[in-house]
file run_26.cif (mmCIF, N, CA, C and O atoms)
data_work
loop_
_atom_site.label_atom_id
_atom_site.label_comp_id
_atom_site.auth_asym_id
_atom_site.auth_seq_id
_atom_site.Cartn_x
_atom_site.Cartn_y
_atom_site.Cartn_z
N MET N 1 16.00 -74.10 -155.50
CA MET N 1 15.21 -73.02 -156.07
C MET N 1 15.98 -71.71 -155.93
O MET N 1 16.48 -71.39 -154.86
N VAL N 2 16.05 -70.95 -157.00
CA VAL N 2 16.75 -69.66 -156.98
C VAL N 2 15.76 -68.58 -156.60
O VAL N 2 14.68 -68.46 -157.21
N GLU N 3 16.11 -67.82 -155.59
CA GLU N 3 15.24 -66.73 -155.15
C GLU N 3 15.41 -65.52 -156.07
O GLU N 3 16.52 -65.14 -156.41
N ARG N 4 14.31 -64.94 -156.49
CA ARG N 4 14.35 -63.77 -157.36
C ARG N 4 14.61 -62.52 -156.53
O ARG N 4 14.15 -62.41 -155.40
N LEU N 5 15.34 -61.60 -157.12
CA LEU N 5 15.60 -60.34 -156.45
C LEU N 5 14.33 -59.53 -156.34
O LEU N 5 13.48 -59.55 -157.23
N ARG N 6 14.21 -58.82 -155.24
CA ARG N 6 13.08 -57.90 -155.05
C ARG N 6 13.63 -56.49 -155.28
O ARG N 6 14.30 -55.94 -154.43
N LEU N 7 13.35 -55.95 -156.47
CA LEU N 7 13.93 -54.67 -156.89
C LEU N 7 12.91 -53.55 -156.96
O LEU N 7 11.73 -53.78 -157.24
N ALA N 8 13.39 -52.35 -156.71
CA ALA N 8 12.58 -51.14 -156.84
C ALA N 8 13.47 -50.05 -157.42
O ALA N 8 14.70 -50.14 -157.41
N ILE N 9 12.83 -49.01 -157.92
CA ILE N 9 13.56 -47.86 -158.46
C ILE N 9 13.26 -46.65 -157.59
O ILE N 9 12.11 -46.37 -157.27
N GLY N 10 14.33 -45.96 -157.19
CA GLY N 10 14.20 -44.74 -156.40
C GLY N 10 14.68 -43.55 -157.21
O GLY N 10 15.68 -43.64 -157.92
N ILE N 11 13.95 -42.46 -157.10
CA ILE N 11 14.29 -41.23 -157.81
C ILE N 11 14.44 -40.10 -156.80
O ILE N 11 13.56 -39.88 -155.97
N ASP N 12 15.56 -39.39 -156.88
CA ASP N 12 15.79 -38.18 -156.09
C ASP N 12 15.77 -37.02 -157.06
O ASP N 12 16.71 -36.82 -157.83
N LEU N 13 14.68 -36.27 -157.05
CA LEU N 13 14.51 -35.13 -157.95
C LEU N 13 14.87 -33.86 -157.21
O LEU N 13 14.16 -33.45 -156.28
N GLY N 14 15.96 -33.25 -157.61
CA GLY N 14 16.40 -32.02 -156.98
C GLY N 14 16.44 -30.86 -157.97
O GLY N 14 16.25 -31.05 -159.16
N GLY N 15 16.70 -29.71 -157.46
CA GLY N 15 16.73 -28.50 -158.29
C GLY N 15 17.91 -28.43 -159.24
O GLY N 15 17.86 -27.75 -160.25
N THR N 16 18.99 -29.17 -158.92
CA THR N 16 20.18 -29.13 -159.78
C THR N 16 20.55 -30.50 -160.36
O THR N 16 21.27 -30.56 -161.34
N LYS N 17 20.07 -31.58 -159.74
CA LYS N 17 20.40 -32.91 -160.25
C LYS N 17 19.27 -33.90 -159.98
O LYS N 17 18.42 -33.68 -159.11
N ILE N 18 19.29 -34.97 -160.78
CA ILE N 18 18.35 -36.07 -160.61
C ILE N 18 19.18 -37.34 -160.49
O ILE N 18 20.04 -37.60 -161.33
N ASP N 19 18.94 -38.11 -159.43
CA ASP N 19 19.57 -39.41 -159.24
C ASP N 19 18.49 -40.47 -159.34
O ASP N 19 17.43 -40.35 -158.70
N ILE N 20 18.76 -41.51 -160.12
CA ILE N 20 17.82 -42.62 -160.25
C ILE N 20 18.60 -43.90 -160.05
O ILE N 20 19.64 -44.11 -160.67
N GLY N 21 18.08 -44.77 -159.16
CA GLY N 21 18.78 -46.00 -158.87
C GLY N 21 17.85 -47.20 -158.83
O GLY N 21 16.71 -47.09 -158.37
N LEU N 22 18.36 -48.31 -159.29
CA LEU N 22 17.67 -49.60 -159.17
C LEU N 22 18.30 -50.30 -157.98
O LEU N 22 19.51 -50.55 -157.97
N VAL N 23 17.50 -50.59 -156.97
CA VAL N 23 18.03 -51.13 -155.71
C VAL N 23 17.22 -52.34 -155.26
O VAL N 23 16.07 -52.51 -155.64
N ASP N 24 17.88 -53.16 -154.40
CA ASP N 24 17.14 -54.27 -153.80
C ASP N 24 16.69 -53.87 -152.40
O ASP N 24 16.93 -52.75 -151.94
N GLU N 25 16.05 -54.79 -151.72
CA GLU N 25 15.46 -54.48 -150.41
C GLU N 25 16.50 -54.25 -149.33
O GLU N 25 16.19 -53.75 -148.25
N THR N 26 17.77 -54.57 -149.59
CA THR N 26 18.83 -54.31 -148.62
C THR N 26 19.54 -52.99 -148.90
O THR N 26 20.42 -52.58 -148.15
N GLY N 27 19.19 -52.35 -150.02
CA GLY N 27 19.82 -51.08 -150.37
C GLY N 27 20.96 -51.21 -151.37
O GLY N 27 21.58 -50.23 -151.74
N ARG N 28 21.24 -52.44 -151.81
CA ARG N 28 22.29 -52.63 -152.81
C ARG N 28 21.87 -52.00 -154.13
O ARG N 28 20.75 -52.22 -154.61
N ILE N 29 22.76 -51.22 -154.71
CA ILE N 29 22.48 -50.52 -155.96
C ILE N 29 22.95 -51.38 -157.14
O ILE N 29 24.11 -51.75 -157.21
N TYR N 30 22.03 -51.65 -158.06
CA TYR N 30 22.35 -52.45 -159.24
C TYR N 30 22.58 -51.57 -160.47
O TYR N 30 23.35 -51.93 -161.35
N GLN N 31 21.88 -50.46 -160.54
CA GLN N 31 22.05 -49.50 -161.63
C GLN N 31 21.90 -48.10 -161.03
O GLN N 31 21.14 -47.91 -160.08
N HIS N 32 22.59 -47.15 -161.61
CA HIS N 32 22.49 -45.78 -161.13
C HIS N 32 22.73 -44.83 -162.29
O HIS N 32 23.60 -45.07 -163.13
N GLN N 33 21.93 -43.78 -162.34
CA GLN N 33 22.16 -42.70 -163.31
C GLN N 33 21.96 -41.37 -162.60
O GLN N 33 21.06 -41.22 -161.76
N ARG N 34 22.81 -40.42 -162.93
CA ARG N 34 22.71 -39.06 -162.39
C ARG N 34 22.83 -38.10 -163.57
O ARG N 34 23.68 -38.26 -164.42
N PHE N 35 21.95 -37.10 -163.58
CA PHE N 35 22.04 -36.08 -164.61
C PHE N 35 21.51 -34.76 -164.06
O PHE N 35 20.82 -34.73 -163.04
N GLU N 36 21.86 -33.69 -164.75
CA GLU N 36 21.42 -32.36 -164.32
C GLU N 36 19.92 -32.20 -164.51
O GLU N 36 19.35 -32.71 -165.46
N THR N 37 19.31 -31.46 -163.62
CA THR N 37 17.91 -31.08 -163.77
C THR N 37 17.89 -29.88 -164.70
O THR N 37 18.36 -28.80 -164.35
N GLN N 38 17.38 -30.08 -165.89
CA GLN N 38 17.39 -29.02 -166.90
C GLN N 38 16.09 -28.21 -166.78
O GLN N 38 15.19 -28.33 -167.60
N VAL N 39 16.05 -27.39 -165.75
CA VAL N 39 14.86 -26.62 -165.41
C VAL N 39 14.39 -25.75 -166.57
O VAL N 39 13.19 -25.63 -166.83
N ALA N 40 15.32 -25.18 -167.31
CA ALA N 40 14.97 -24.28 -168.42
C ALA N 40 14.18 -25.00 -169.51
O ALA N 40 13.45 -24.35 -170.26
N LYS N 41 14.29 -26.31 -169.59
CA LYS N 41 13.56 -27.06 -170.63
C LYS N 41 12.13 -27.40 -170.20
O LYS N 41 11.37 -27.93 -171.00
N GLY N 42 11.79 -27.13 -168.96
CA GLY N 42 10.42 -27.31 -168.51
C GLY N 42 10.13 -28.64 -167.84
O GLY N 42 10.90 -29.60 -167.93
N ALA N 43 9.00 -28.66 -167.15
CA ALA N 43 8.59 -29.82 -166.36
C ALA N 43 8.36 -31.06 -167.22
O ALA N 43 8.72 -32.17 -166.82
N GLN N 44 7.77 -30.89 -168.39
CA GLN N 44 7.49 -32.05 -169.24
C GLN N 44 8.78 -32.73 -169.69
O GLN N 44 8.87 -33.96 -169.71
N PHE N 45 9.80 -31.95 -170.01
CA PHE N 45 11.09 -32.51 -170.40
C PHE N 45 11.67 -33.33 -169.26
O PHE N 45 12.15 -34.45 -169.46
N ILE N 46 11.63 -32.78 -168.06
CA ILE N 46 12.18 -33.46 -166.88
C ILE N 46 11.41 -34.75 -166.62
O ILE N 46 12.01 -35.81 -166.38
N GLN N 47 10.11 -34.70 -166.70
CA GLN N 47 9.28 -35.89 -166.50
C GLN N 47 9.61 -36.95 -167.54
O GLN N 47 9.78 -38.13 -167.21
N ASP N 48 9.72 -36.55 -168.80
CA ASP N 48 10.03 -37.50 -169.87
C ASP N 48 11.41 -38.12 -169.67
O ASP N 48 11.60 -39.32 -169.91
N GLN N 49 12.38 -37.33 -169.23
CA GLN N 49 13.74 -37.81 -169.00
C GLN N 49 13.74 -38.86 -167.88
O GLN N 49 14.39 -39.91 -168.00
N MET N 50 13.02 -38.61 -166.81
CA MET N 50 12.95 -39.58 -165.72
C MET N 50 12.24 -40.86 -166.18
O MET N 50 12.71 -41.96 -165.88
N LEU N 51 11.15 -40.71 -166.89
CA LEU N 51 10.39 -41.88 -167.35
C LEU N 51 11.23 -42.74 -168.30
O LEU N 51 11.23 -43.97 -168.20
N GLU N 52 11.96 -42.12 -169.19
CA GLU N 52 12.82 -42.85 -170.11
C GLU N 52 13.89 -43.64 -169.35
O GLU N 52 14.16 -44.81 -169.66
N THR N 53 14.47 -43.02 -168.33
CA THR N 53 15.49 -43.69 -167.53
C THR N 53 14.90 -44.87 -166.77
O THR N 53 15.50 -45.95 -166.72
N VAL N 54 13.72 -44.70 -166.19
CA VAL N 54 13.05 -45.78 -165.48
C VAL N 54 12.76 -46.94 -166.43
O VAL N 54 13.01 -48.11 -166.10
N ARG N 55 12.29 -46.65 -167.61
CA ARG N 55 12.00 -47.70 -168.59
C ARG N 55 13.26 -48.46 -168.99
O ARG N 55 13.24 -49.67 -169.14
N GLU N 56 14.36 -47.73 -169.17
CA GLU N 56 15.63 -48.37 -169.50
C GLU N 56 16.07 -49.32 -168.38
O GLU N 56 16.52 -50.43 -168.64
N MET N 57 15.93 -48.88 -167.14
CA MET N 57 16.31 -49.71 -166.00
C MET N 57 15.42 -50.94 -165.92
O MET N 57 15.89 -52.04 -165.61
N GLN N 58 14.13 -50.78 -166.18
CA GLN N 58 13.22 -51.92 -166.16
C GLN N 58 13.63 -52.96 -167.19
O GLN N 58 13.59 -54.15 -166.92
N LYS N 59 14.01 -52.51 -168.38
CA LYS N 59 14.40 -53.44 -169.44
C LYS N 59 15.65 -54.22 -169.07
O LYS N 59 15.77 -55.41 -169.39
N LYS N 60 16.60 -53.57 -168.40
CA LYS N 60 17.87 -54.22 -168.04
C LYS N 60 17.73 -55.17 -166.84
O LYS N 60 18.53 -56.09 -166.69
N ALA N 61 16.74 -54.93 -166.02
CA ALA N 61 16.53 -55.79 -164.84
C ALA N 61 16.04 -57.16 -165.30
O ALA N 61 15.27 -57.27 -166.25
N GLU N 62 16.48 -58.19 -164.63
CA GLU N 62 16.07 -59.54 -165.02
C GLU N 62 14.94 -60.06 -164.15
O GLU N 62 14.67 -61.26 -164.13
N THR N 63 14.29 -59.19 -163.46
CA THR N 63 13.17 -59.55 -162.59
C THR N 63 12.20 -58.36 -162.57
O THR N 63 12.59 -57.23 -162.84
N PRO N 64 10.93 -58.59 -162.30
CA PRO N 64 9.98 -57.48 -162.25
C PRO N 64 10.35 -56.43 -161.20
O PRO N 64 10.91 -56.77 -160.15
N ILE N 65 10.03 -55.21 -161.48
CA ILE N 65 10.25 -54.09 -160.54
C ILE N 65 9.01 -54.00 -159.66
O ILE N 65 7.87 -53.95 -160.14
N LEU N 66 9.23 -53.97 -158.34
CA LEU N 66 8.11 -53.94 -157.40
C LEU N 66 7.45 -52.58 -157.31
O LEU N 66 6.26 -52.47 -157.00
N GLY N 67 8.22 -51.52 -157.56
CA GLY N 67 7.64 -50.18 -157.48
C GLY N 67 8.68 -49.11 -157.76
O GLY N 67 9.86 -49.40 -157.90
N VAL N 68 8.19 -47.89 -157.84
CA VAL N 68 9.03 -46.72 -158.07
C VAL N 68 8.66 -45.68 -157.01
O VAL N 68 7.48 -45.40 -156.80
N GLY N 69 9.68 -45.15 -156.35
CA GLY N 69 9.46 -44.10 -155.36
C GLY N 69 10.20 -42.85 -155.77
O GLY N 69 11.25 -42.94 -156.43
N ILE N 70 9.65 -41.70 -155.43
CA ILE N 70 10.30 -40.44 -155.79
C ILE N 70 10.32 -39.51 -154.58
O ILE N 70 9.34 -39.41 -153.85
N GLY N 71 11.46 -38.88 -154.39
CA GLY N 71 11.60 -37.88 -153.35
C GLY N 71 11.88 -36.53 -153.99
O GLY N 71 12.71 -36.43 -154.89
N VAL N 72 11.15 -35.53 -153.55
CA VAL N 72 11.29 -34.18 -154.10
C VAL N 72 11.44 -33.20 -152.94
O VAL N 72 10.64 -33.24 -152.00
N ALA N 73 12.45 -32.36 -153.03
CA ALA N 73 12.68 -31.38 -151.96
C ALA N 73 11.60 -30.32 -151.96
O ALA N 73 10.99 -30.03 -152.94
#
call {"tool": "encode", "arguments": {"input": "run_26.cif", "output": "structure tokens"}}
result
Amino acid sequence: MVERLRLAIGIDLGGTKIDIGLVDETGRIYQHQRFETQVAKGAQFIQDQMLETVREMQKKAETPILGVGIGVA
């Protein structure tokens, strides 16, 4: 029997950059994206950008995502 990966998505939302990673329970990174926080475009733009990235990562993962966590300074 093949054991399925237990994956989650972590988001680091900072004032100058956003890091989003798809990781397993040991901390191994399977996907990673980093982009500038475009504060001038407003909160809705930033939220939409993060959500789009999360959805893209979910589609590429070959197993269900257990959850999404976000850290904000």
call {"tool": "resolve_selection", "arguments": {"input": "run_26.cif", "expression": "the PyMOL selection byres (((chain N and resi 58 and name CA) around 12) and name CA)", "output": "ChimeraX atom specification"}}
result
/N:7-9,20-23,30-31,51-57,59-68
call {"tool": "resolve_selection", "arguments": {"input": "run_26.cif", "expression": "the PyMOL selection byres ((chain N and resi 15) around 7)", "output": "list in words"}}
result
Leu13, Gly14, Thr16, Lys17, Ile18, Glu36, Thr37, Gln38, Val39 and Ala73 of chain N
call {"tool": "select_by_dssp", "arguments": {"input": "run_26.cif", "residues": "region 35-68 of chain N", "states": "helix (DSSP H, G or I)", "output": "PyMOL selection string"}}
result
chain N and resi 39-41+43-60
call {"tool": "closest_residue", "arguments": {"input": "run_26.cif", "among": "N:Arg6, N:Gly69, N:Phe45, N:Met50", "to": "Asp24 (chain N)", "atoms": "only N, CA, C and O atoms"}}
result
N:Arg6
call {"tool": "atom_distance", "arguments": {"input": "run_26.cif", "atom1": "atom N of Gly10 (chain N)", "atom2": "atom O of Gln33 (chain N)"}}
result
9.4 Å
call {"tool": "atom_distance", "arguments": {"input": "run_26.cif", "atom1": "CA of Ile70 (chain N)", "atom2": "CA of Gly27 (chain N)"}}
result
15.3 Å
call {"tool": "atom_distance", "arguments": {"input": "run_26.cif", "atom1": "atom N of Leu5 (chain N)", "atom2": "atom C of Glu25 (chain N)"}}
result
10.8 Å
call {"tool": "axis_aligned_box", "arguments": {"input": "run_26.cif", "around": "region 23-27 of chain N", "padding_each_side": "5 Å", "output": "lines of an AutoDock Vina configuration file"}}
result
center_x = 18.5
center_y = -52.5
center_z = -152.6
size_x = 16.1
size_y = 14.6
size_z = 18.8
call {"tool": "select_by_dssp", "arguments": {"input": "run_26.cif", "residues": "chain N", "states": "strand (DSSP E or B)", "output": "ChimeraX atom specification"}}
result
/N:7-13,17-24,29-36,65-72
call {"tool": "closest_residue", "arguments": {"input": "run_26.cif", "among": "N:Arg4, N:Gln44, N:Gln49, N:Phe35", "to": "Asp19 (chain N)", "atoms": "only N, CA, C and O atoms"}}
result
N:Phe35
